[in-house]
$ cat target_11.cif   # mmCIF, C-alpha atoms
data_run
#
loop_
_atom_site.group_PDB
_atom_site.id
_atom_site.type_symbol
_atom_site.label_atom_id
_atom_site.label_comp_id
_atom_site.auth_asym_id
_atom_site.auth_seq_id
_atom_site.Cartn_x
_atom_site.Cartn_y
_atom_site.Cartn_z
ATOM 1 C CA MET A 1 95.813 95.500 95.383
ATOM 2 C CA SER A 2 99.529 95.885 94.594
ATOM 3 C CA GLY A 3 102.001 97.615 96.863
ATOM 4 C CA PRO A 4 101.984 98.003 100.630
ATOM 5 C CA PRO A 5 99.011 99.421 102.554
ATOM 6 C CA THR A 6 98.931 103.202 102.858
ATOM 7 C CA ILE A 7 98.529 102.780 106.627
ATOM 8 C CA GLU A 8 99.259 99.851 108.869
ATOM 9 C CA LEU A 9 99.133 100.048 112.653
ATOM 10 C CA ARG A 10 100.708 97.079 114.408
ATOM 11 C CA ASP A 11 99.754 96.582 118.077
ATOM 12 C CA VAL A 12 99.964 100.311 118.832
ATOM 13 C CA SER A 13 99.663 101.370 122.472
ATOM 14 C CA VAL A 14 99.821 104.891 123.926
ATOM 15 C CA LEU A 15 99.985 105.843 127.602
ATOM 16 C CA PHE A 16 99.225 109.254 129.125
ATOM 17 C CA ASP A 17 100.522 109.471 132.714
ATOM 18 C CA GLU A 18 100.697 105.680 132.754
ATOM 19 C CA ARG A 19 97.027 105.470 131.765
ATOM 20 C CA PRO A 20 96.363 103.520 128.543
ATOM 21 C CA VAL A 21 94.743 105.671 125.840
ATOM 22 C CA LEU A 22 95.293 103.185 123.020
ATOM 23 C CA SER A 23 95.861 99.480 123.674
ATOM 24 C CA ASP A 24 97.188 97.046 121.059
ATOM 25 C CA VAL A 25 95.471 98.788 118.136
ATOM 26 C CA SER A 26 96.026 97.071 114.797
ATOM 27 C CA LEU A 27 94.428 98.493 111.644
ATOM 28 C CA LYS A 28 95.247 98.395 107.950
ATOM 29 C CA LEU A 29 94.047 100.644 105.111
ATOM 30 C CA GLU A 30 94.838 100.103 101.449
ATOM 31 C CA SER A 31 95.601 102.876 98.981
ATOM 32 C CA GLY A 32 92.503 104.831 98.005
ATOM 33 C CA GLY A 33 90.438 103.265 100.774
ATOM 34 C CA THR A 34 88.374 104.918 103.486
ATOM 35 C CA LEU A 35 88.403 104.195 107.206
ATOM 36 C CA ALA A 36 85.592 105.625 109.337
ATOM 37 C CA LEU A 37 86.633 105.774 112.997
ATOM 38 C CA LEU A 38 83.753 105.800 115.467
ATOM 39 C CA GLY A 39 83.560 105.855 119.232
ATOM 40 C CA VAL A 40 82.322 107.907 122.151
ATOM 41 C CA THR A 41 84.367 110.841 123.456
ATOM 42 C CA GLY A 42 87.612 109.807 125.098
ATOM 43 C CA THR A 43 88.130 106.498 123.310
ATOM 44 C CA GLY A 44 91.346 107.585 121.586
ATOM 45 C CA LYS A 45 90.170 108.522 118.079
ATOM 46 C CA SER A 46 91.993 111.867 117.883
ATOM 47 C CA VAL A 47 95.074 110.358 119.510
ATOM 48 C CA LEU A 48 95.107 107.689 116.820
ATOM 49 C CA LEU A 49 95.210 110.332 114.072
ATOM 50 C CA LYS A 50 98.112 112.088 115.798
ATOM 51 C CA VAL A 51 99.948 108.777 116.079
ATOM 52 C CA ILE A 52 99.587 108.227 112.331
ATOM 53 C CA LEU A 53 100.834 111.760 111.656
ATOM 54 C CA GLY A 54 103.785 111.251 113.985
ATOM 55 C CA LEU A 55 102.760 113.962 116.442
ATOM 56 C CA ILE A 56 102.541 111.321 119.183
ATOM 57 C CA LYS A 57 105.014 108.462 119.460
ATOM 58 C CA PRO A 58 103.464 105.135 120.484
ATOM 59 C CA ASP A 59 104.750 103.560 123.671
ATOM 60 C CA ALA A 60 104.550 100.190 121.956
ATOM 61 C CA GLY A 61 103.868 98.918 118.461
ATOM 62 C CA GLU A 62 104.656 100.284 115.021
ATOM 63 C CA VAL A 63 103.145 102.750 112.539
ATOM 64 C CA TRP A 64 103.771 101.983 108.872
ATOM 65 C CA VAL A 65 102.902 104.426 106.073
ATOM 66 C CA GLU A 66 103.375 103.364 102.455
ATOM 67 C CA GLY A 67 105.642 100.517 103.520
ATOM 68 C CA HIS A 68 107.863 102.612 105.808
ATOM 69 C CA ASN A 69 108.070 102.195 109.575
ATOM 70 C CA LEU A 70 107.713 105.728 110.988
ATOM 71 C CA THR A 71 107.992 104.737 114.636
ATOM 72 C CA PRO A 72 111.774 105.072 115.097
ATOM 73 C CA LEU A 73 112.156 108.215 112.974
ATOM 74 C CA SER A 74 113.202 111.607 114.347
ATOM 75 C CA GLU A 75 111.270 114.813 113.700
ATOM 76 C CA VAL A 76 113.581 115.675 110.815
ATOM 77 C CA GLU A 77 113.285 112.196 109.322
ATOM 78 C CA LEU A 78 109.485 112.327 109.583
ATOM 79 C CA GLY A 79 109.302 115.456 107.423
ATOM 80 C CA PRO A 80 109.085 113.823 103.976
ATOM 81 C CA TYR A 81 106.413 111.384 105.185
ATOM 82 C CA ARG A 82 104.312 114.094 106.830
ATOM 83 C CA ARG A 83 104.305 115.950 103.530
ATOM 84 C CA ARG A 84 102.485 112.927 102.116
ATOM 85 C CA MET A 85 99.714 113.435 104.679
ATOM 86 C CA GLY A 86 97.121 116.139 105.211
ATOM 87 C CA MET A 87 95.352 116.750 108.518
ATOM 88 C CA VAL A 88 92.129 118.635 109.182
ATOM 89 C CA PHE A 89 91.900 119.247 112.911
ATOM 90 C CA GLN A 90 88.727 119.723 114.939
ATOM 91 C CA GLU A 91 87.086 123.106 114.237
ATOM 92 C CA GLY A 92 89.515 123.630 111.343
ATOM 93 C CA ALA A 93 92.271 125.217 113.498
ATOM 94 C CA LEU A 94 93.074 128.005 111.043
ATOM 95 C CA PHE A 95 95.684 130.624 111.929
ATOM 96 C CA ASP A 96 93.546 133.570 113.041
ATOM 97 C CA SER A 97 96.207 136.149 112.152
ATOM 98 C CA LEU A 98 96.561 134.926 108.560
ATOM 99 C CA SER A 99 94.224 135.523 105.630
ATOM 100 C CA VAL A 100 92.554 132.675 103.782
ATOM 101 C CA TYR A 101 95.254 132.952 101.114
ATOM 102 C CA GLU A 102 98.104 132.823 103.646
ATOM 103 C CA ASN A 103 96.503 129.926 105.521
ATOM 104 C CA ALA A 104 96.298 127.934 102.305
ATOM 105 C CA ALA A 105 99.869 128.878 101.356
ATOM 106 C CA TYR A 106 101.308 128.047 104.785
ATOM 107 C CA MET A 107 102.518 124.499 104.082
ATOM 108 C CA LEU A 108 104.125 125.497 100.786
ATOM 109 C CA ARG A 109 106.145 128.172 102.557
ATOM 110 C CA GLU A 110 107.036 125.713 105.336
ATOM 111 C CA GLU A 111 108.328 123.327 102.683
ATOM 112 C CA GLY A 112 110.600 126.044 101.314
ATOM 113 C CA VAL A 113 108.730 127.008 98.147
ATOM 114 C CA ARG A 114 109.912 130.498 97.179
ATOM 115 C CA ASP A 115 108.320 130.901 93.752
ATOM 116 C CA GLU A 116 105.433 133.258 94.550
ATOM 117 C CA GLU A 117 103.777 132.672 91.190
ATOM 118 C CA ALA A 118 103.807 128.917 91.788
ATOM 119 C CA ILE A 119 102.415 129.427 95.292
ATOM 120 C CA GLU A 120 99.605 131.622 93.978
ATOM 121 C CA ARG A 121 98.700 129.131 91.238
ATOM 122 C CA ARG A 122 98.496 126.250 93.711
ATOM 123 C CA VAL A 123 96.621 128.256 96.356
ATOM 124 C CA ARG A 124 94.050 129.420 93.836
ATOM 125 C CA GLU A 125 93.715 125.849 92.595
ATOM 126 C CA VAL A 126 92.983 124.371 96.038
ATOM 127 C CA LEU A 127 90.710 127.235 97.069
ATOM 128 C CA GLY A 128 88.846 126.774 93.798
ATOM 129 C CA PHE A 129 88.535 123.060 94.551
ATOM 130 C CA VAL A 130 86.769 123.848 97.845
ATOM 131 C CA GLU A 131 84.842 126.756 96.255
ATOM 132 C CA MET A 132 86.534 129.403 98.397
ATOM 133 C CA GLU A 133 88.643 131.304 95.888
ATOM 134 C CA HIS A 134 86.344 134.317 96.262
ATOM 135 C CA ALA A 135 87.373 134.650 99.927
ATOM 136 C CA LEU A 136 91.162 134.553 99.594
ATOM 137 C CA ASP A 137 91.615 138.015 101.177
ATOM 138 C CA LYS A 138 89.251 137.396 104.086
ATOM 139 C CA MET A 139 90.347 136.622 107.641
ATOM 140 C CA PRO A 140 89.114 133.517 109.485
ATOM 141 C CA ALA A 141 86.962 135.653 111.809
ATOM 142 C CA GLU A 142 84.965 136.780 108.764
ATOM 143 C CA LEU A 143 84.063 133.208 107.753
ATOM 144 C CA SER A 144 81.234 130.926 108.778
ATOM 145 C CA GLY A 145 81.997 127.581 110.397
ATOM 146 C CA GLY A 146 81.525 125.691 107.159
ATOM 147 C CA MET A 147 83.729 128.115 105.241
ATOM 148 C CA ARG A 148 86.493 127.708 107.810
ATOM 149 C CA ARG A 149 86.351 123.932 107.414
ATOM 150 C CA ARG A 150 86.635 124.273 103.643
ATOM 151 C CA VAL A 151 89.688 126.520 103.984
ATOM 152 C CA ALA A 152 91.191 124.010 106.437
ATOM 153 C CA ILE A 153 90.749 121.297 103.816
ATOM 154 C CA ALA A 154 92.370 123.524 101.181
ATOM 155 C CA ARG A 155 95.336 124.115 103.498
ATOM 156 C CA ALA A 156 95.652 120.368 104.115
ATOM 157 C CA ILE A 157 95.633 119.391 100.427
ATOM 158 C CA VAL A 158 97.902 122.126 99.086
ATOM 159 C CA SER A 159 100.888 119.732 99.113
ATOM 160 C CA GLN A 160 98.912 117.057 97.243
ATOM 161 C CA PRO A 161 98.931 114.406 100.011
ATOM 162 C CA CYS A 162 98.184 110.769 99.306
ATOM 163 C CA LEU A 163 96.567 110.409 102.740
ATOM 164 C CA MET A 164 94.011 112.670 104.419
ATOM 165 C CA LEU A 165 93.184 112.559 108.132
ATOM 166 C CA TYR A 166 89.970 114.270 109.276
ATOM 167 C CA ASP A 167 89.166 114.847 112.941
ATOM 168 C CA SER A 168 85.392 115.392 113.224
ATOM 169 C CA PRO A 169 85.235 117.749 110.215
ATOM 170 C CA THR A 170 81.449 118.260 110.498
ATOM 171 C CA ALA A 171 81.229 118.715 114.278
ATOM 172 C CA GLY A 172 79.092 121.685 115.253
ATOM 173 C CA LEU A 173 77.822 122.351 111.726
ATOM 174 C CA ASP A 174 74.211 122.436 110.635
ATOM 175 C CA PRO A 175 73.048 119.451 108.548
ATOM 176 C CA VAL A 176 73.180 121.267 105.197
ATOM 177 C CA THR A 177 76.698 122.601 105.770
ATOM 178 C CA ALA A 178 77.836 119.237 107.132
ATOM 179 C CA HIS A 179 76.614 117.546 103.952
ATOM 180 C CA THR A 180 78.555 120.069 101.863
ATOM 181 C CA ILE A 181 81.736 119.128 103.716
ATOM 182 C CA ILE A 182 81.102 115.399 103.239
ATOM 183 C CA VAL A 183 80.585 115.930 99.505
ATOM 184 C CA LEU A 184 83.910 117.755 99.440
ATOM 185 C CA LEU A 185 85.664 114.886 101.223
ATOM 186 C CA ALA A 186 84.234 112.399 98.722
ATOM 187 C CA LYS A 187 85.226 114.650 95.835
ATOM 188 C CA LEU A 188 88.833 114.766 97.011
ATOM 189 C CA ARG A 189 88.925 111.021 97.655
ATOM 190 C CA ASP A 190 87.347 109.945 94.373
ATOM 191 C CA LEU A 191 88.879 112.425 91.937
ATOM 192 C CA ASN A 192 92.404 112.237 93.368
ATOM 193 C CA SER A 193 92.432 108.657 94.766
ATOM 194 C CA VAL A 194 93.268 109.980 98.224
ATOM 195 C CA THR A 195 93.285 107.494 101.095
ATOM 196 C CA THR A 196 90.942 108.771 103.811
ATOM 197 C CA VAL A 197 90.767 108.341 107.585
ATOM 198 C CA PHE A 198 87.657 109.986 108.959
ATOM 199 C CA VAL A 199 86.858 110.437 112.663
ATOM 200 C CA THR A 200 83.236 111.266 113.339
ATOM 201 C CA HIS A 201 80.407 111.121 115.844
ATOM 202 C CA ARG A 202 77.908 111.416 112.977
ATOM 203 C CA LEU A 203 77.220 107.938 111.665
ATOM 204 C CA GLN A 204 75.192 109.331 108.770
ATOM 205 C CA ASP A 205 78.327 111.074 107.453
ATOM 206 C CA ALA A 206 80.268 107.812 107.525
ATOM 207 C CA PHE A 207 77.460 105.998 105.711
ATOM 208 C CA ILE A 208 77.472 108.632 102.967
ATOM 209 C CA LEU A 209 81.214 108.180 102.420
ATOM 210 C CA SER A 210 80.691 104.423 102.438
ATOM 211 C CA ASN A 211 77.814 104.262 99.973
ATOM 212 C CA PHE A 212 78.294 107.193 97.597
ATOM 213 C CA VAL A 213 80.955 108.393 95.175
ATOM 214 C CA TYR A 214 81.555 111.786 93.650
ATOM 215 C CA SER A 215 80.528 112.232 90.018
ATOM 216 C CA SER A 216 82.231 114.963 87.986
ATOM 217 C CA GLU A 217 79.412 114.717 85.463
ATOM 218 C CA LYS A 218 76.709 115.242 88.087
ATOM 219 C CA GLN A 219 78.844 117.597 90.187
ATOM 220 C CA GLY A 220 77.687 115.720 93.256
ATOM 221 C CA LEU A 221 77.283 112.339 94.888
ATOM 222 C CA VAL A 222 75.825 109.266 93.198
ATOM 223 C CA PRO A 223 75.279 105.788 94.662
ATOM 224 C CA ALA A 224 78.392 103.634 94.579
ATOM 225 C CA ALA A 225 78.404 100.360 92.708
ATOM 226 C CA SER A 226 77.192 97.281 94.513
ATOM 227 C CA ASP A 227 77.791 93.802 93.105
ATOM 228 C CA GLY A 228 79.526 95.224 90.065
ATOM 229 C CA GLY A 229 78.207 97.856 87.687
ATOM 230 C CA SER A 230 79.605 100.805 85.793
ATOM 231 C CA ARG A 231 80.059 103.061 88.805
ATOM 232 C CA PRO A 232 83.111 102.691 91.049
ATOM 233 C CA ALA A 233 82.768 100.906 94.347
ATOM 234 C CA VAL A 234 83.835 102.370 97.670
ATOM 235 C CA ARG A 235 86.408 100.478 99.703
ATOM 236 C CA CYS A 236 85.305 101.652 103.116
ATOM 237 C CA ARG A 237 85.893 100.038 106.495
ATOM 238 C CA PHE A 238 84.377 100.984 109.827
ATOM 239 C CA ALA A 239 86.228 100.732 113.128
ATOM 240 C CA VAL A 240 84.717 101.388 116.545
ATOM 241 C CA LEU A 241 87.088 102.213 119.381
ATOM 242 C CA ARG A 242 86.088 101.418 122.959
ATOM 243 C CA ASP A 243 88.345 102.113 125.918
ATOM 244 C CA GLY A 244 91.290 102.577 123.565
ATOM 245 C CA LYS A 245 90.837 99.240 121.824
ATOM 246 C CA VAL A 246 89.381 98.205 118.485
ATOM 247 C CA TYR A 247 85.981 96.895 119.540
ATOM 248 C CA PHE A 248 84.693 96.388 115.997
ATOM 249 C CA GLU A 249 86.077 96.423 112.476
ATOM 250 C CA GLY A 250 84.101 95.643 109.344
ATOM 251 C CA SER A 251 81.892 96.988 106.560
ATOM 252 C CA SER A 252 78.877 99.247 106.945
ATOM 253 C CA ASP A 253 76.663 96.183 106.441
ATOM 254 C CA ASP A 254 78.546 94.327 109.178
ATOM 255 C CA LEU A 255 77.917 97.232 111.515
ATOM 256 C CA THR A 256 74.243 97.745 110.747
ATOM 257 C CA ARG A 257 73.478 94.027 110.960
ATOM 258 C CA SER A 258 75.302 93.508 114.234
ATOM 259 C CA ALA A 259 73.202 92.486 117.222
ATOM 260 C CA ASP A 260 75.898 93.586 119.668
ATOM 261 C CA PRO A 261 74.209 95.845 122.289
ATOM 262 C CA TYR A 262 77.100 98.326 122.371
ATOM 263 C CA LEU A 263 77.218 98.691 118.595
ATOM 264 C CA ARG A 264 73.461 99.065 118.406
ATOM 265 C CA LYS A 265 73.821 102.302 120.354
ATOM 266 C CA PHE A 266 75.594 103.816 117.349
ATOM 267 C CA ILE A 267 72.977 102.852 114.767
ATOM 268 C CA VAL A 268 69.605 103.416 116.468
#
$ encode --input "target_11.cif" --output "structure tokens"
Amino acid sequence: MSGPPTIELRDVSVLFDERPVLSDVSLKLESGGTLALLGVTGTGKSVLLKVILGLIKPDAGEVWVEGHNLTPLSEVELGPYRRRMGMVFQEGALFDSLSVYENAAYMLREEGVRDEEAIERRVREVLGFVEMEHALDKMPAELSGGMRRRVAIARAIVSQPCLMLYDSPTAGLDPVTAHTIIVLLAKLRDLNSVTTVFVTHRLQDAFILSNFVYSSEKQGLVPAASDGGSRPAVRCRFAVLRDGKVYFEGSSDDLTRSADPYLRKFIV
């Protein structure tokens, strides 16, 4: 793989009121790869996403994105790098007072785009990608949970990021709707070569992203290649956080075959 990793965390530590939330976390993710972050509530998964995005400054260590050290940068200096990232927060976090169209257009306006025709073309494109173009005039309160998540994804990808961060995007959804969201995440990753960091409590969602790819021909997921073959492989790593530290890092096979008692709790 040529070029620097999309993400590299080097010995990152974060303290809240002098209490360690992340401790010496080091992770690396290559371009187009997928990282599934697992761990019980309170282990620092959401904090880690905010550190990558630059919303939280680490107390120690460095955050590198596409070969650039973001740690010392000011808010203004972080702007161009944040535009390379998209974030889907827990529950979607749409702006309740804005329509679906205005939610999706928000980042373009924040970036100073003034061409309304260009904004409309891009908004319709991303809403079409998540199959929500029919709802562009609706308000968030009129949408189901799954529809809100899809609009949140559209809002996050409107600036064509190279890196997507998802914070429990299927939490609270029924199994069918959750699967629809996972298919959408795979579609974005595989059609646009988007690097993906995915926080979840649902191991089955992570396994789907690890073992399946999106097929334009089938309009859905197909098994990824294993040991060669005509289908693309998935470069997916799993990381389990425990007490703010990386307790495990490896492939899905490494995780499922582990005899570690703590890890077994995640897979049985």
$ closest_residue --input "target_11.cif" --among "A:Tyr101, A:Trp64, A:Leu165, A:Gly244" --to "A:Leu15" --atoms "all atoms listed in the file"
A:Gly244
$ axis_aligned_box --input "target_11.cif" --around "stretch 114-120 of chain A" --padding-each-side "3 Å" --output "AutoDock Vina command-line options"
--center_x 104.8 --center_y 131.1 --center_z 94.2 --size_x 16.3 --size_y 10.3 --size_z 12.0
$ residues_around --input "target_11.cif" --residues "A:Ala135" --least-positions-apart "3" --cutoff "8 Å" --atoms "only C-alpha atoms" --output "list in words"
Val100, Met132 and Lys138 of chain A
$ closest_residue --input "target_11.cif" --among "A:Leu94, A:Ala118, A:Leu191, A:His134" --to "A:Val151" --atoms "all atoms listed in the file"
A:Leu94
$ resolve_selection --input "target_11.cif" --expression "the PyMOL selection byres ((chain A and resi 27) around 12)" --output "ChimeraX atom specification"
/A:5-12,24-26,28-30,35-37,48,52,61-65,197,237-241,245-250
$ write_last_selection --input "target_11.cif" --atoms "C-alpha atoms" --output "short mmCIF file (atom, residue, chain, number, x, y, z; two decimals), in the coordinates of the input"
data_model
loop_
_atom_site.label_atom_id
_atom_site.label_comp_id
_atom_site.auth_asym_id
_atom_site.auth_seq_id
_atom_site.Cartn_x
_atom_site.Cartn_y
_atom_site.Cartn_z
CA PRO A 5 99.01 99.42 102.55
CA THR A 6 98.93 103.20 102.86
CA ILE A 7 98.53 102.78 106.63
CA GLU A 8 99.26 99.85 108.87
CA LEU A 9 99.13 100.05 112.65
CA ARG A 10 100.71 97.08 114.41
CA ASP A 11 99.75 96.58 118.08
CA VAL A 12 99.96 100.31 118.83
CA ASP A 24 97.19 97.05 121.06
CA VAL A 25 95.47 98.79 118.14
CA SER A 26 96.03 97.07 114.80
CA LYS A 28 95.25 98.40 107.95
CA LEU A 29 94.05 100.64 105.11
CA GLU A 30 94.84 100.10 101.45
CA LEU A 35 88.40 104.20 107.21
CA ALA A 36 85.59 105.62 109.34
CA LEU A 37 86.63 105.77 113.00
CA LEU A 48 95.11 107.69 116.82
CA ILE A 52 99.59 108.23 112.33
CA GLY A 61 103.87 98.92 118.46
CA GLU A 62 104.66 100.28 115.02
CA VAL A 63 103.14 102.75 112.54
CA TRP A 64 103.77 101.98 108.87
CA VAL A 65 102.90 104.43 106.07
CA VAL A 197 90.77 108.34 107.58
CA ARG A 237 85.89 100.04 106.50
CA PHE A 238 84.38 100.98 109.83
CA ALA A 239 86.23 100.73 113.13
CA VAL A 240 84.72 101.39 116.54
CA LEU A 241 87.09 102.21 119.38
CA LYS A 245 90.84 99.24 121.82
CA VAL A 246 89.38 98.20 118.48
CA TYR A 247 85.98 96.90 119.54
CA PHE A 248 84.69 96.39 116.00
CA GLU A 249 86.08 96.42 112.48
CA GLY A 250 84.10 95.64 109.34
#
$ atom_distance --input "target_11.cif" --atom1 "atom CA of A:Ile157" --atom2 "atom CA of A:Leu184"
11.9 Å
$ atom_distance --input "target_11.cif" --atom1 "atom CA of A:Glu131" --atom2 "atom CA of A:Ala93"
18.8 Å
$ atom_distance --input "target_11.cif" --atom1 "atom CA of A:Pro20" --atom2 "atom CA of A:Ile56"
13.7 Å
$ closest_residue --input "target_11.cif" --among "A:Gly39, A:Ser99, A:Ala186, A:Val47" --to "A:Gln219" --atoms "all atoms listed in the file"
A:Ala186
$ closest_residue --input "target_11.cif" --among "A:Lys57, A:Asp137, A:Arg124, A:Gly32" --to "A:Phe16" --atoms "all atoms listed in the file"
A:Lys57
$ decode --input "target_11.cif" --residues "stretch 210-225 of chain A" --atoms "N, CA and C atoms" --output "PDB file, in the first residue's frame"
ATOM      1  N   SER A 210     -16.907  -6.940   7.612  1.00  0.00           N
ATOM      2  CA  SER A 210     -15.631  -7.621   7.461  1.00  0.00           C
ATOM      3  C   SER A 210     -15.654  -8.687   6.377  1.00  0.00           C
ATOM      4  N   ASN A 211     -16.803  -9.275   6.130  1.00  0.00           N
ATOM      5  CA  ASN A 211     -16.870 -10.460   5.273  1.00  0.00           C
ATOM      6  C   ASN A 211     -17.668 -10.289   3.987  1.00  0.00           C
ATOM      7  N   PHE A 212     -18.255  -9.094   3.797  1.00  0.00           N
ATOM      8  CA  PHE A 212     -19.059  -8.860   2.606  1.00  0.00           C
ATOM      9  C   PHE A 212     -18.662  -7.541   1.953  1.00  0.00           C
ATOM     10  N   VAL A 213     -18.873  -7.491   0.632  1.00  0.00           N
ATOM     11  CA  VAL A 213     -18.647  -6.267  -0.133  1.00  0.00           C
ATOM     12  C   VAL A 213     -19.914  -5.932  -0.895  1.00  0.00           C
ATOM     13  N   TYR A 214     -20.025  -4.664  -1.268  1.00  0.00           N
ATOM     14  CA  TYR A 214     -21.204  -4.231  -2.007  1.00  0.00           C
ATOM     15  C   TYR A 214     -21.007  -4.464  -3.493  1.00  0.00           C
ATOM     16  N   SER A 215     -22.006  -5.058  -4.126  1.00  0.00           N
ATOM     17  CA  SER A 215     -21.980  -5.320  -5.565  1.00  0.00           C
ATOM     18  C   SER A 215     -22.975  -4.412  -6.270  1.00  0.00           C
ATOM     19  N   SER A 216     -22.485  -3.578  -7.188  1.00  0.00           N
ATOM     20  CA  SER A 216     -23.387  -2.732  -7.976  1.00  0.00           C
ATOM     21  C   SER A 216     -24.288  -3.585  -8.852  1.00  0.00           C
ATOM     22  N   GLU A 217     -23.735  -4.689  -9.354  1.00  0.00           N
ATOM     23  CA  GLU A 217     -24.520  -5.572 -10.218  1.00  0.00           C
ATOM     24  C   GLU A 217     -25.677  -6.199  -9.462  1.00  0.00           C
ATOM     25  N   LYS A 218     -25.401  -6.665  -8.236  1.00  0.00           N
ATOM     26  CA  LYS A 218     -26.444  -7.308  -7.434  1.00  0.00           C
ATOM     27  C   LYS A 218     -27.276  -6.313  -6.643  1.00  0.00           C
ATOM     28  N   GLN A 219     -26.807  -5.063  -6.569  1.00  0.00           N
ATOM     29  CA  GLN A 219     -27.456  -4.045  -5.747  1.00  0.00           C
ATOM     30  C   GLN A 219     -27.588  -4.497  -4.293  1.00  0.00           C
ATOM     31  N   GLY A 220     -26.536  -5.122  -3.795  1.00  0.00           N
ATOM     32  CA  GLY A 220     -26.543  -5.612  -2.432  1.00  0.00           C
ATOM     33  C   GLY A 220     -25.201  -6.214  -2.082  1.00  0.00           C
ATOM     34  N   LEU A 221     -25.146  -6.894  -0.962  1.00  0.00           N
ATOM     35  CA  LEU A 221     -23.901  -7.463  -0.468  1.00  0.00           C
ATOM     36  C   LEU A 221     -23.653  -8.847  -1.048  1.00  0.00           C
ATOM     37  N   VAL A 222     -22.372  -9.128  -1.312  1.00  0.00           N
ATOM     38  CA  VAL A 222     -21.941 -10.458  -1.740  1.00  0.00           C
ATOM     39  C   VAL A 222     -20.727 -10.824  -0.899  1.00  0.00           C
ATOM     40  N   PRO A 223     -20.455 -12.107  -0.719  1.00  0.00           N
ATOM     41  CA  PRO A 223     -19.282 -12.498   0.078  1.00  0.00           C
ATOM     42  C   PRO A 223     -17.998 -11.929  -0.512  1.00  0.00           C
ATOM     43  N   ALA A 224     -17.141 -11.442   0.368  1.00  0.00           N
ATOM     44  CA  ALA A 224     -15.841 -10.925  -0.071  1.00  0.00           C
ATOM     45  C   ALA A 224     -14.938 -12.085  -0.458  1.00  0.00           C
ATOM     46  N   ALA A 225     -13.903 -11.756  -1.213  1.00  0.00           N
ATOM     47  CA  ALA A 225     -12.953 -12.784  -1.627  1.00  0.00           C
ATOM     48  C   ALA A 225     -12.180 -13.289  -0.418  1.00  0.00           C
TER      49      ALA A 225
END
